[in-house]
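File shown: final.csv. Contents: CSV, C-alpha atoms.
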```
chain,number,residue,atom,x,y,z
A,251,MET,CA,-73.0,60.0,46.6
A,252,MET,CA,-69.6,59.9,48.0
A,253,ARG,CA,-69.2,56.3,46.7
A,254,HIS,CA,-69.5,57.4,43.1
A,255,ASP,CA,-67.0,60.2,43.2
A,256,PRO,CA,-63.9,58.0,42.7
A,257,GLU,CA,-65.5,56.3,39.8
A,258,ARG,CA,-66.1,59.6,38.0
A,259,ALA,CA,-62.6,60.6,38.7
A,260,ILE,CA,-61.3,57.3,37.1
A,261,GLU,CA,-63.6,57.8,34.1
A,262,ARG,CA,-62.2,61.3,33.6
A,263,ALA,CA,-58.7,60.1,33.8
A,264,ALA,CA,-59.3,57.2,31.4
A,265,ALA,CA,-61.0,59.7,28.9
A,266,GLU,CA,-57.9,61.9,29.2
A,267,LEU,CA,-55.6,59.0,28.6
A,268,ARG,CA,-57.6,57.8,25.6
A,269,ARG,CA,-57.2,61.2,23.9
A,270,PRO,CA,-54.5,60.9,21.2
A,271,VAL,CA,-51.3,62.8,21.8
A,272,ARG,CA,-50.2,64.8,18.8
A,273,PHE,CA,-46.5,65.1,18.2
A,274,GLY,CA,-44.8,67.2,15.6
A,275,SER,CA,-43.5,65.5,12.4
A,276,ALA,CA,-39.9,66.1,13.6
A,277,PHE,CA,-40.4,64.5,17.0
A,278,ASP,CA,-39.0,61.1,16.0
A,279,GLU,CA,-36.0,62.6,14.4
A,280,ARG,CA,-35.3,64.8,17.4
A,281,VAL,CA,-35.4,61.9,19.8
A,282,MET,CA,-33.2,59.7,17.6
A,283,ALA,CA,-30.7,62.6,17.2
A,284,GLU,CA,-30.6,62.8,21.1
A,285,VAL,CA,-30.0,59.1,21.3
A,286,ARG,CA,-27.2,59.1,18.7
A,287,GLY,CA,-25.6,62.0,20.6
A,288,LEU,CA,-25.3,59.9,23.8
A,289,PRO,CA,-21.7,58.6,24.5
A,290,ARG,CA,-21.2,55.0,23.3
A,291,HIS,CA,-20.8,52.3,25.9
A,292,ARG,CA,-17.2,51.0,26.2
A,293,LEU,CA,-18.3,47.4,25.8
A,294,GLY,CA,-21.1,48.0,23.4
A,295,ALA,CA,-21.0,44.9,21.3
A,296,TRP,CA,-20.1,42.7,24.3
A,297,ARG,CA,-22.9,44.2,26.3
A,298,ARG,CA,-25.4,43.2,23.7
A,299,LEU,CA,-24.1,39.7,23.8
A,300,LEU,CA,-24.0,39.4,27.5
A,301,ARG,CA,-27.4,41.1,28.2
A,302,PRO,CA,-29.9,38.5,29.4
A,303,ARG,CA,-32.7,37.9,26.9
A,304,THR,CA,-35.7,35.9,26.7
A,305,ILE,CA,-35.6,33.5,23.8
A,306,THR,CA,-38.7,31.7,22.6
A,307,VAL,CA,-37.9,28.1,21.5
A,308,SER,CA,-40.5,25.9,19.9
A,309,PRO,CA,-40.7,22.2,21.0
A,310,LEU,CA,-39.8,21.2,17.5
A,311,PHE,CA,-36.7,23.4,17.5
A,312,SER,CA,-35.6,22.1,20.9
A,313,GLY,CA,-36.1,18.5,19.6
A,314,LEU,CA,-33.9,19.3,16.6
A,315,ALA,CA,-31.3,20.9,18.8
A,316,ALA,CA,-31.2,17.8,21.0
A,317,ALA,CA,-30.9,15.6,17.9
A,318,LEU,CA,-27.9,17.7,16.7
A,319,LEU,CA,-26.3,17.4,20.1
A,320,PHE,CA,-26.9,13.7,20.0
A,321,ALA,CA,-25.2,13.4,16.5
A,322,ALA,CA,-22.3,15.5,17.7
A,323,ALA,CA,-21.8,13.3,20.7
A,324,ILE,CA,-21.7,10.2,18.5
A,325,SER,CA,-19.1,11.6,16.3
A,326,THR,CA,-17.0,12.8,19.3
A,327,GLY,CA,-17.3,9.4,20.8
A,328,HIS,CA,-15.8,7.9,17.7
A,329,ALA,CA,-13.0,10.4,17.8
A,330,ILE,CA,-12.2,9.5,21.4
A,331,GLY,CA,-12.2,5.8,20.5
A,332,THR,CA,-9.7,6.2,17.7
A,333,ALA,CA,-7.6,9.1,19.0
A,334,GLY,CA,-5.2,6.7,20.6
A,335,SER,CA,-4.5,4.7,17.4
A,336,ASP,CA,-1.4,6.5,16.4
A,337,THR,CA,0.5,6.3,19.6
A,338,ALA,CA,3.6,4.4,18.4
A,339,SER,CA,6.7,6.5,18.9
A,340,GLY,CA,10.4,6.1,19.1
A,341,ALA,CA,11.8,2.7,18.2
A,342,GLU,CA,14.3,1.1,16.0
A,343,ALA,CA,14.0,-1.6,13.4
A,344,LEU,CA,15.9,-4.7,14.3
A,345,ALA,CA,16.6,-5.6,10.7
A,346,THR,CA,17.0,-2.1,9.1
A,347,ALA,CA,19.5,0.7,9.5
A,348,VAL,CA,19.3,3.1,12.4
A,349,THR,CA,17.3,6.2,11.3
A,350,PRO,CA,16.4,8.6,14.0
A,351,SER,CA,13.0,9.5,12.5
A,352,LYS,CA,9.6,9.8,14.0
A,353,GLY,CA,7.8,8.9,10.8
A,354,PRO,CA,7.0,5.5,9.4
A,355,HIS,CA,9.9,3.4,8.1
A,356,ASP,CA,10.1,1.2,5.0
A,357,VAL,CA,10.6,-2.3,6.2
A,358,GLN,CA,11.3,-5.3,4.0
A,359,PHE,CA,9.6,-8.5,4.9
A,360,VAL,CA,11.1,-11.7,3.3
A,361,LEU,CA,9.9,-15.3,3.5
A,362,VAL,CA,11.3,-18.3,1.7
A,363,ALA,CA,8.3,-20.4,0.8
A,364,PRO,CA,9.0,-22.4,-2.4
A,365,THR,CA,5.6,-24.1,-2.5
A,366,ALA,CA,3.5,-21.0,-1.7
A,367,ARG,CA,1.0,-19.5,-4.1
A,368,LYS,CA,0.4,-16.4,-2.1
A,369,VAL,CA,2.1,-14.7,0.8
A,370,SER,CA,0.9,-11.7,2.8
A,371,VAL,CA,2.1,-10.0,5.9
A,372,VAL,CA,-0.4,-9.3,8.8
A,373,GLY,CA,0.3,-7.5,12.0
A,374,ASP,CA,-0.8,-4.7,14.2
A,375,PHE,CA,0.3,-2.2,11.6
A,376,ASN,CA,-2.4,-3.3,9.2
A,377,ASP,CA,-5.1,-4.5,11.7
A,378,TRP,CA,-4.2,-8.1,10.8
A,379,ASP,CA,-5.9,-7.7,7.5
A,380,SER,CA,-4.4,-10.3,5.0
A,381,ALA,CA,-6.2,-8.6,2.1
A,382,HIS,CA,-4.3,-5.3,2.7
A,383,GLN,CA,-2.9,-4.4,-0.7
A,384,ALA,CA,0.3,-2.8,0.6
A,385,TYR,CA,1.4,-6.0,2.5
A,386,GLN,CA,1.0,-8.5,-0.3
A,387,ALA,CA,4.4,-10.2,-0.9
A,388,GLU,CA,5.6,-10.8,-4.5
A,389,HIS,CA,7.4,-13.9,-5.7
A,390,ARG,CA,11.0,-12.8,-6.6
A,391,GLY,CA,11.9,-16.3,-7.9
A,392,GLY,CA,13.5,-19.3,-6.3
A,393,GLY,CA,10.8,-19.5,-3.6
A,394,VAL,CA,11.7,-16.0,-2.2
A,395,TRP,CA,8.7,-13.8,-1.4
A,396,SER,CA,9.2,-10.2,-0.3
A,397,VAL,CA,7.4,-7.0,0.2
A,398,THR,CA,8.6,-3.6,1.4
A,399,ALA,CA,6.0,-1.7,3.3
A,400,SER,CA,5.7,1.4,5.4
A,401,VAL,CA,5.5,0.6,9.2
A,402,PRO,CA,5.0,3.2,11.9
A,403,VAL,CA,7.7,3.6,14.5
A,404,GLY,CA,7.2,1.5,17.6
A,405,HIS,CA,7.0,-2.1,18.8
A,406,HIS,CA,5.0,-4.4,16.5
A,407,ARG,CA,3.8,-8.0,16.3
A,408,TYR,CA,3.3,-9.6,12.9
A,409,SER,CA,3.2,-12.9,11.0
A,410,PHE,CA,3.1,-14.2,7.5
A,411,VAL,CA,0.0,-15.8,6.1
A,412,VAL,CA,0.7,-18.3,3.3
A,413,ASP,CA,-2.1,-19.2,0.9
A,414,ASP,CA,-4.6,-17.4,3.1
A,415,SER,CA,-4.5,-20.3,5.6
A,416,VAL,CA,-1.1,-21.1,7.0
A,417,TRP,CA,0.3,-18.8,9.6
A,418,VAL,CA,4.1,-18.6,9.6
A,419,THR,CA,6.4,-16.6,12.0
A,420,ASP,CA,9.3,-14.8,10.5
A,421,PRO,CA,12.2,-17.1,11.1
A,422,THR,CA,14.7,-14.2,11.1
A,423,ALA,CA,12.9,-12.0,13.6
A,424,PRO,CA,12.6,-12.1,17.4
A,425,ARG,CA,9.8,-14.2,18.6
A,426,VAL,CA,6.9,-13.1,20.8
A,427,ILE,CA,5.5,-15.6,23.3
A,428,ASP,CA,1.9,-14.6,22.8
A,429,ASP,CA,0.3,-17.8,21.6
A,430,ASP,CA,-3.1,-16.8,23.1
A,431,TYR,CA,-4.7,-18.0,19.8
A,432,GLY,CA,-2.5,-21.0,19.2
A,433,ARG,CA,-0.2,-19.3,16.7
A,434,PRO,CA,2.9,-17.3,17.9
A,435,ASN,CA,4.0,-14.1,16.3
A,436,SER,CA,7.2,-12.3,15.4
A,437,ALA,CA,8.4,-9.0,16.9
A,438,LEU,CA,9.5,-5.9,15.1
A,439,VAL,CA,10.9,-2.7,16.6
A,440,VAL,CA,10.9,0.2,14.2
A,441,GLY,CA,12.5,3.6,14.8
A,442,GLU,CA,14.8,4.7,17.6
A,443,THR,CA,14.1,4.1,21.2
A,444,GLY,CA,17.5,3.3,22.7
A,445,ARG,CA,20.8,4.6,21.5
B,136,MET,CA,-41.2,32.1,26.6
B,137,ARG,CA,-44.7,31.1,27.3
B,138,PRO,CA,-45.1,28.5,30.1
B,139,GLY,CA,-46.7,26.0,27.7
B,140,ARG,CA,-43.8,26.2,25.3
B,141,ARG,CA,-41.2,26.1,28.0
B,142,ARG,CA,-42.8,23.0,29.5
B,143,ALA,CA,-42.9,21.3,26.1
B,144,ALA,CA,-39.2,22.2,25.4
B,145,LEU,CA,-38.2,20.9,28.8
B,146,LEU,CA,-40.2,17.7,28.2
B,147,ALA,CA,-38.5,17.1,24.8
B,148,LEU,CA,-35.0,17.6,26.4
B,149,LEU,CA,-35.9,15.4,29.3
B,150,CYS,CA,-37.0,12.7,26.9
B,151,LEU,CA,-33.9,12.9,24.8
B,152,SER,CA,-31.3,13.3,27.5
B,153,PRO,CA,-31.2,9.6,28.6
B,154,VAL,CA,-30.7,8.7,24.9
B,155,PHE,CA,-28.0,11.3,24.6
B,156,VAL,CA,-26.1,10.1,27.7
B,157,ALA,CA,-26.5,6.4,26.7
B,158,SER,CA,-25.2,7.2,23.2
B,159,VAL,CA,-22.1,9.0,24.5
B,160,ALA,CA,-21.4,6.1,26.8
B,161,ARG,CA,-21.9,3.6,24.0
B,162,ALA,CA,-19.8,5.6,21.6
B,163,GLN,CA,-16.9,5.7,24.0
B,164,THR,CA,-17.2,2.0,24.8
B,165,GLU,CA,-17.6,0.8,21.2
B,166,GLY,CA,-16.0,3.8,19.6
B,167,ASP,CA,-13.4,1.8,17.7
B,168,ALA,CA,-15.1,0.7,14.5
B,169,ARG,CA,-12.5,-2.0,14.1
B,170,LEU,CA,-14.0,-3.9,17.0
B,171,GLY,CA,-17.0,-4.4,14.7
B,172,ARG,CA,-15.3,-7.6,13.6
B,173,LEU,CA,-16.1,-9.2,17.0
B,174,ASP,CA,-19.5,-10.5,18.1
B,175,SER,CA,-21.6,-8.2,20.1
B,176,VAL,CA,-20.9,-9.8,23.5
B,177,ALA,CA,-17.1,-9.8,22.9
B,178,ARG,CA,-17.2,-6.3,21.5
B,179,ARG,CA,-18.9,-4.9,24.7
B,180,SER,CA,-16.5,-6.8,27.0
B,181,VAL,CA,-13.4,-5.7,25.0
B,182,GLY,CA,-14.7,-2.1,24.8
B,183,ALA,CA,-15.1,-2.1,28.6
B,184,ILE,CA,-11.5,-3.3,29.1
B,185,VAL,CA,-10.2,-0.7,26.6
B,186,ASP,CA,-12.2,2.0,28.4
B,187,SER,CA,-10.8,0.9,31.8
B,188,ALA,CA,-7.2,0.9,30.4
B,189,ARG,CA,-7.8,4.3,28.8
B,190,ALA,CA,-9.0,5.7,32.2
B,191,ALA,CA,-5.8,4.3,33.8
B,192,LYS,CA,-3.7,6.0,31.1
B,193,LEU,CA,-2.4,2.7,29.7
B,194,PRO,CA,-1.8,2.2,26.0
B,195,THR,CA,-5.1,0.9,24.5
B,196,GLU,CA,-3.9,0.1,21.0
B,197,PRO,CA,-2.3,-3.2,22.0
B,198,LEU,CA,-5.6,-4.3,23.5
B,199,VAL,CA,-7.6,-3.5,20.3
B,200,ASP,CA,-4.8,-5.2,18.4
B,201,LYS,CA,-5.0,-8.3,20.5
B,202,ALA,CA,-8.7,-8.5,19.9
B,203,LEU,CA,-8.3,-8.0,16.1
B,204,GLU,CA,-5.6,-10.7,16.0
B,205,GLY,CA,-8.0,-13.1,17.7
B,206,ALA,CA,-10.8,-12.2,15.2
B,207,LYS,CA,-8.4,-12.8,12.3
B,208,LYS,CA,-7.3,-16.1,13.7
B,209,GLY,CA,-10.9,-17.2,14.1
B,210,ALA,CA,-10.8,-17.4,17.9
B,211,GLU,CA,-14.1,-17.6,19.9
B,212,GLY,CA,-15.3,-14.4,21.5
B,213,ASP,CA,-14.7,-15.5,25.1
B,214,ARG,CA,-11.2,-16.5,24.3
B,215,ILE,CA,-10.5,-13.1,22.7
B,216,VAL,CA,-11.9,-11.4,25.8
B,217,MET,CA,-9.7,-13.6,28.1
B,218,ALA,CA,-6.6,-12.8,26.0
B,219,VAL,CA,-7.4,-9.0,26.0
B,220,ARG,CA,-8.1,-9.1,29.8
B,221,ALA,CA,-4.8,-10.9,30.5
B,222,LEU,CA,-2.9,-8.4,28.3
B,223,SER,CA,-4.5,-5.5,30.1
B,224,ALA,CA,-3.3,-6.9,33.5
B,225,GLU,CA,0.2,-7.4,32.0
B,226,LEU,CA,0.2,-3.8,30.7
B,227,ARG,CA,-0.7,-2.5,34.2
B,228,SER,CA,2.0,-4.6,35.8
B,229,ALA,CA,4.6,-3.6,33.2
B,230,ARG,CA,3.8,0.1,33.6
B,231,ALA,CA,4.1,-0.2,37.4
B,232,ALA,CA,7.4,-2.0,37.1
B,233,LEU,CA,8.9,0.3,34.4
B,234,GLY,CA,7.7,3.6,36.0
B,235,PRO,CA,5.3,6.3,35.1
B,236,ASP,CA,7.5,7.8,32.5
B,237,ALA,CA,7.7,4.6,30.4
B,238,GLY,CA,6.6,5.0,26.8
B,239,ALA,CA,3.8,3.0,25.2
B,240,ASP,CA,6.2,0.8,23.3
B,241,GLU,CA,8.2,0.1,26.4
B,242,ILE,CA,5.1,-0.9,28.3
B,243,THR,CA,4.0,-3.1,25.5
B,244,SER,CA,7.3,-4.9,25.2
B,245,GLY,CA,7.4,-5.1,29.0
B,246,ALA,CA,4.0,-6.8,29.0
B,247,ASN,CA,5.3,-9.3,26.4
B,248,ALA,CA,8.3,-10.0,28.7
B,249,LEU,CA,6.0,-10.6,31.6
B,250,HIS,CA,4.0,-13.0,29.5
B,251,ALA,CA,7.2,-14.8,28.5
B,252,GLY,CA,8.0,-15.5,32.2
B,253,PHE,CA,9.9,-12.5,33.5
B,254,GLN,CA,9.1,-11.0,36.8
B,255,ALA,CA,8.0,-7.4,37.4
B,256,ARG,CA,11.2,-6.8,39.4
B,257,ASP,CA,13.2,-7.9,36.3
B,258,LEU,CA,11.7,-5.1,34.3
B,259,THR,CA,12.5,-2.6,37.0
B,260,ARG,CA,16.1,-3.7,37.1
B,261,LEU,CA,16.4,-3.6,33.3
B,262,ARG,CA,14.9,-0.1,33.2
B,263,ALA,CA,17.3,1.1,35.9
B,264,ALA,CA,20.2,-0.4,34.0
B,265,GLY,CA,19.1,1.3,30.8
B,266,GLN,CA,18.8,4.7,32.5
B,267,HIS,CA,22.2,4.3,34.2
B,268,ALA,CA,23.7,3.6,30.8
B,269,GLY,CA,22.0,6.7,29.3
B,270,ARG,CA,19.4,4.8,27.2
B,271,ARG,CA,16.1,6.6,26.4
B,272,GLY,CA,14.2,3.4,26.7
B,273,VAL,CA,14.5,-0.4,27.0
B,274,THR,CA,12.1,-1.5,24.3
B,275,LEU,CA,14.7,-3.4,22.3
B,276,PRO,CA,16.5,-5.0,25.3
B,277,LEU,CA,13.1,-6.2,26.5
B,278,THR,CA,12.3,-7.6,23.0
B,279,VAL,CA,15.6,-9.4,22.8
B,280,ALA,CA,15.2,-10.8,26.3
B,281,THR,CA,11.8,-12.2,25.4
B,282,ASP,CA,13.2,-13.6,22.2
B,283,LEU,CA,15.9,-15.4,24.1
B,284,VAL,CA,13.3,-17.1,26.4
B,285,ALA,CA,11.3,-18.0,23.3
B,286,ARG,CA,14.4,-19.8,22.0
B,287,SER,CA,14.7,-21.8,25.2
B,288,VAL,CA,17.2,-19.7,27.2
B,289,PRO,CA,16.0,-19.8,30.8
B,290,ALA,CA,14.5,-16.5,31.9
B,291,PRO,CA,17.1,-15.8,34.7
B,292,THR,CA,20.0,-16.5,32.2
B,293,ALA,CA,18.3,-14.3,29.6
B,294,LEU,CA,17.8,-11.5,32.1
B,295,SER,CA,21.4,-11.7,33.3
B,296,ILE,CA,22.7,-11.5,29.7
B,297,VAL,CA,20.5,-8.6,28.6
B,298,LEU,CA,21.2,-6.7,31.9
B,299,SER,CA,25.0,-7.1,31.2
B,300,LEU,CA,24.6,-5.9,27.6
B,301,THR,CA,22.5,-2.9,28.7
B,302,ARG,CA,24.9,-1.9,31.4
B,303,SER,CA,27.8,-2.2,29.0
B,304,GLY,CA,26.2,0.4,26.8
B,305,VAL,CA,25.6,-1.9,23.8
B,306,ARG,CA,23.9,0.0,21.1
B,307,ASP,CA,20.6,-1.1,19.5
B,308,ALA,CA,22.2,-2.0,16.3
B,309,ASP,CA,24.7,-4.3,18.1
B,310,LEU,CA,21.9,-5.7,20.2
B,311,SER,CA,20.1,-6.6,16.9
B,312,VAL,CA,23.3,-8.3,15.6
B,313,PHE,CA,23.6,-10.2,18.9
B,314,GLN,CA,20.0,-11.4,18.6
B,315,ARG,CA,20.6,-12.5,15.0
B,316,ASN,CA,23.9,-14.3,15.8
B,317,VAL,CA,22.3,-16.2,18.7
B,318,ARG,CA,19.4,-17.3,16.5
B,319,LEU,CA,21.8,-18.5,13.8
B,320,ASP,CA,23.9,-20.4,16.4
B,321,ILE,CA,20.8,-22.1,17.8
B,322,GLU,CA,19.5,-23.0,14.3
B,323,ARG,CA,22.9,-24.6,13.7
B,324,GLY,CA,22.5,-26.8,16.7
B,325,ALA,CA,24.1,-24.8,19.5
B,326,ASP,CA,22.9,-25.0,23.1
B,327,PRO,CA,20.7,-21.8,23.5
B,328,SER,CA,22.2,-20.6,26.8
B,329,THR,CA,25.8,-21.2,25.7
B,330,ALA,CA,25.2,-19.5,22.4
B,331,ALA,CA,23.6,-16.5,24.1
B,332,GLN,CA,26.4,-16.2,26.8
B,333,THR,CA,29.2,-16.6,24.2
B,334,ARG,CA,27.7,-14.0,21.8
B,335,ALA,CA,27.0,-11.6,24.7
B,336,ARG,CA,30.7,-11.6,25.7
B,337,GLY,CA,31.6,-10.7,22.1
B,338,ALA,CA,29.1,-7.9,22.0
B,339,MET,CA,30.3,-6.4,25.3
B,340,LEU,CA,33.9,-6.6,24.1
B,341,ARG,CA,33.0,-4.6,20.9
B,342,ALA,CA,31.0,-2.1,23.0
B,343,GLY,CA,34.0,-1.7,25.3
B,344,ARG,CA,36.3,-1.0,22.4
B,345,SER,CA,34.0,1.5,20.7
B,346,SER,CA,33.2,3.5,23.8
```

Take the structure in the file and write it out as structure tokens.
Amino acid sequence: MMRHDPERAIERAAAELRRPVRFGSAFDERVMAEVRGLPRHRLGAWRRLLRPRTITVSPLFSGLAAALLFAAAISTGHAIGTAGSDTASGAEALATAVTPSKGPHDVQFVLVAPTARKVSVVGDFNDWDSAHQAYQAEHRGGGVWSVTASVPVGHHRYSFVVDDSVWVTDPTAPRVIDDDYGRPNSALVVGETGR
Amino acid sequence: MRPGRRRAALLALLCLSPVFVASVARAQTEGDARLGRLDSVARRSVGAIVDSARAAKLPTEPLVDKALEGAKKGAEGDRIVMAVRALSAELRSARAALGPDAGADEITSGANALHAGFQARDLTRLRAAGQHAGRRGVTLPLTVATDLVARSVPAPTALSIVLSLTRSGVRDADLSVFQRNVRLDIERGADPSTAAQTRARGAMLRAGRSS
């Protein structure tokens, strides 16, 4: 008999709890008015941001997020690889007037090649691209070819390419002993480095 | 988050993380799109040399440029790698000789000077002379010294001449005129060393008068 008493007590408590509680129609409004009346937290907005939360993420969403991170890393990697490209600074053109400027300088390249049909300038300033339009020399008559092109400040190596096949150093420019590939180059110092 | 979902999300991240890390490494090594002109083996090797130079805070553009020059000149991949590796070593030596505050252009022209036959201590002496004379850098003196050697002036003679010019406070514009005059003299048949020494005396006289 004593064993059943606690069960009855629990049943009574459960029945009491199941009975719906009736609030007046103004209850919600009164509670919200009390809440609004409380003083605002000094770091209200920050607190919301800093409060730990449980976020549910689906496997599909996490995969997409990882893919986005992957794409961002690729693009960042390319930026790192090319960030050092524009490092030339402070030099002075051997053949041009002294201009204390950090920007690119116009440099005139001249080659006397009476039998040439085409002359272009290649160097580190155009990635050795003989098809670069800005570095195609024009025939001025009498075998004189020239082109004036913008060259960044700094130390440069370059050469002429005649008829897309013959590499010719600039006879008026300083030479560079860097015949790693069998054909030497000329040197050009653009900008102001010394005095 | 439910344990099942959490496990799946973690699994997905774990699967993708090696790809992510490998991609970042690959992007840094082969990040310069211009190296796409090289074959894959040379591209990887050059990329590794460039990364190593970047980590050592050396100028990397001359290395990429050396590789592109080789590709344009039709050199084989292993020859390109050899040239880039040699230049990387010369850049390191040049930077060590010129000091930590040397600029990228100075280091590059110093590397060219080493390649031409100058010693590391020659670069150090030239930099010290330049600083003593109030120069901001010795890119042009190094370029002129290399040019003299390329025109058959022995390296010790060329160094002595350019050191004297630098100590005398010869300006860049006058150094350019000196280089041009020596070239013209040699083209007219003069002995290279005699032409360089004679023209240097004239340049120093002018520098003395103008200072």

query = Using all atoms listed in the file, which residue out of A:Ser415, A:Ser409, A:Thr365, A:Ser380 lies closest to Gly392 (chain A)?
reply =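 Using all atoms listed in the file, the shortest distance to Gly392 (chain A) belongs to A:Thr365.
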
key: Atom pair CA of Ile215 (chain B) / CA of Arg230 (chain B): separation (Å)   =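 Separating CA of Ile215 (chain B) from CA of Arg230 (chain B) is a distance of 22.3 Å.
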
ask   = Just how far from CA of Leu261 (chain B) is CA of Thr195 (chain B), in Å to one decimal?
value =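 Between these atoms lies a distance of 23.7 Å.
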
message = Between CA of Asp240 (chain B) and CA of His405 (chain A), what is the distance in Å, rounded to a tenth?
response = 5.4 Å

request  = For Asp236 (chain B), list every protein, DNA or RNA residue within 12 Å, evaluated using only C-alpha atoms, and leave out those in the same chain fewer than 5 positions away; present the list as a list in words.
outcome  =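 Result of the neighbour search: Lys192, Leu193, Ala229, Arg230, Ala231, Glu241, Ile242, Arg262, Gln266, Arg271 and Gly272 of chain B.
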
Could the residues in this selection be saved with C-alpha atoms as a PDB file, in the coordinates of the input?
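New file result26.pdb:
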```
ATOM      1  CA  LYS B 192      -3.700   6.000  31.100  1.00  0.00           C
ATOM      2  CA  LEU B 193      -2.400   2.700  29.700  1.00  0.00           C
ATOM      3  CA  ALA B 229       4.600  -3.600  33.200  1.00  0.00           C
ATOM      4  CA  ARG B 230       3.800   0.100  33.600  1.00  0.00           C
ATOM      5  CA  ALA B 231       4.100  -0.200  37.400  1.00  0.00           C
ATOM      6  CA  GLU B 241       8.200   0.100  26.400  1.00  0.00           C
ATOM      7  CA  ILE B 242       5.100  -0.900  28.300  1.00  0.00           C
ATOM      8  CA  ARG B 262      14.900  -0.100  33.200  1.00  0.00           C
ATOM      9  CA  GLN B 266      18.800   4.700  32.500  1.00  0.00           C
ATOM     10  CA  ARG B 271      16.100   6.600  26.400  1.00  0.00           C
ATOM     11  CA  GLY B 272      14.200   3.400  26.700  1.00  0.00           C
TER      12      GLY B 272
END
```

request  = Point out the residue among A:Leu288, A:Val426, A:Val403, A:Ala264 with the least atom-to-atom distance to Gly245 (chain B), counting all atoms listed in the file.
outcome  =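 Checking each candidate against Gly245 (chain B), we get A:Val426 as the closest.
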
request  = List the neighbours of Val312 (chain B) out to 10 Å using only C-alpha atoms; skip same-chain residues closer than 4 positions along the sequence, and give me the result as a list of chain:residue names.
outcome  =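 Using only C-alpha atoms, the neighbours found are A:Leu344, A:Ala345, B:Arg306, B:Asp307, B:Ala308, B:Asn316, B:Val317, B:Arg318, B:Arg334, B:Ala338.
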
message = Calculated over all atoms listed in the file, which of the candidates A:Asp420, A:Asp255, A:Asp413, A:Asp278 has the smallest distance to Asn435 (chain A)?
response =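 Answer, going by the shortest atom-to-atom distance: A:Asp420.
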
Do you know which residues are at most 6 Å from region 199-201 of chain B counting all atoms listed in the file, after dropping those on the same chain fewer than 3 positions away, and could you put them as a PDB file with C-alpha atoms, in the frame of the given file?
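Result saved to out.pdb:
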```
ATOM      1  CA  ASP A 374      -0.800  -4.700  14.200  1.00  0.00           C
TER       2      ASP A 374
ATOM      3  CA  GLU B 196      -3.900   0.100  21.000  1.00  0.00           C
ATOM      4  CA  GLU B 204      -5.600 -10.700  16.000  1.00  0.00           C
TER       5      GLU B 204
END
```

query = Which residue out of A:Arg367, A:Arg301, A:His355, A:Arg286 has the minimum interatomic distance to Gly404 (chain A) when all atoms listed in the file are used?
reply =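 Using all atoms listed in the file, Gly404 (chain A) sits closest to A:His355.
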
key: Residue with smallest distance to His406 (chain A) - pool A:Ala259, A:Ala276, A:Ala265, A:Val439, counting only C-alpha atoms   =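 Closest candidate: A:Val439.
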
query = Which residue, B:Asp257, B:Glu225, B:Asp167, B:Asp326, has the smallest gap to Arg286 (chain B) when you use all atoms listed in the file?
reply =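 Looking only at the distances to Arg286 (chain B), the closest residue turns out to be B:Asp326.
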
For Ala268 (chain B), work out the shell of residues within 10 Å, counting only C-alpha atoms and skipping chain neighbours fewer than 2 positions away, then give it as a compact mmCIF listing (two decimals) with C-alpha atoms, in the coordinates of the input.
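Full text of result.txt as output:
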```
# COMPACT_ATOMS: atom_id res chain seq x y z
CA ARG A 445 20.80 4.60 21.50
CA ARG B 262 14.90 -0.10 33.20
CA ALA B 263 17.30 1.10 35.90
CA ALA B 264 20.20 -0.40 34.00
CA GLY B 265 19.10 1.30 30.80
CA GLN B 266 18.80 4.70 32.50
CA ARG B 270 19.40 4.80 27.20
CA ARG B 271 16.10 6.60 26.40
CA THR B 301 22.50 -2.90 28.70
CA ARG B 302 24.90 -1.90 31.40
CA SER B 303 27.80 -2.20 29.00
CA GLY B 304 26.20 0.40 26.80
CA VAL B 305 25.60 -1.90 23.80
```

Do you know which residues lie at most 10 Å from (18.2, -19.5, 23.5), with coordinates as in the file and only C-alpha atoms counted, and could you write them as a compact mmCIF listing (two decimals) with C-alpha atoms, in the frame of the given file?
```txt
# COMPACT_ATOMS: atom_id res chain seq x y z
CA ALA B 280 15.20 -10.80 26.30
CA THR B 281 11.80 -12.20 25.40
CA ASP B 282 13.20 -13.60 22.20
CA LEU B 283 15.90 -15.40 24.10
CA VAL B 284 13.30 -17.10 26.40
CA ALA B 285 11.30 -18.00 23.30
CA ARG B 286 14.40 -19.80 22.00
CA SER B 287 14.70 -21.80 25.20
CA VAL B 288 17.20 -19.70 27.20
CA PRO B 289 16.00 -19.80 30.80
CA ALA B 290 14.50 -16.50 31.90
CA THR B 292 20.00 -16.50 32.20
CA ALA B 293 18.30 -14.30 29.60
CA GLN B 314 20.00 -11.40 18.60
CA VAL B 317 22.30 -16.20 18.70
CA ARG B 318 19.40 -17.30 16.50
CA ASP B 320 23.90 -20.40 16.40
CA ILE B 321 20.80 -22.10 17.80
CA GLU B 322 19.50 -23.00 14.30
CA ALA B 325 24.10 -24.80 19.50
CA ASP B 326 22.90 -25.00 23.10
CA PRO B 327 20.70 -21.80 23.50
CA SER B 328 22.20 -20.60 26.80
CA THR B 329 25.80 -21.20 25.70
CA ALA B 330 25.20 -19.50 22.40
CA ALA B 331 23.60 -16.50 24.10
CA GLN B 332 26.40 -16.20 26.80
```

query = What residues have an atom no more than 12 Å from (-6.7, -10.0, 29.1) in the file's own frame, counting all atoms listed in the file, and can you write them as a ChimeraX atom specification?
reply = /A:428,430 /B:180-181,183-185,187-188,195,197-202,205,213-227,246,250

request  = Mind checking which residues fall within 7 Å of Val372 (chain A), counting all atoms listed in the file, ignoring those fewer than 4 positions away in the same chain, and posting them as a list of chain:residue names?
outcome  =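 Everything that qualifies: A:Asn376, A:Trp378, A:Asp379, A:Ser380, A:Tyr408, A:Ser409, A:Phe410.
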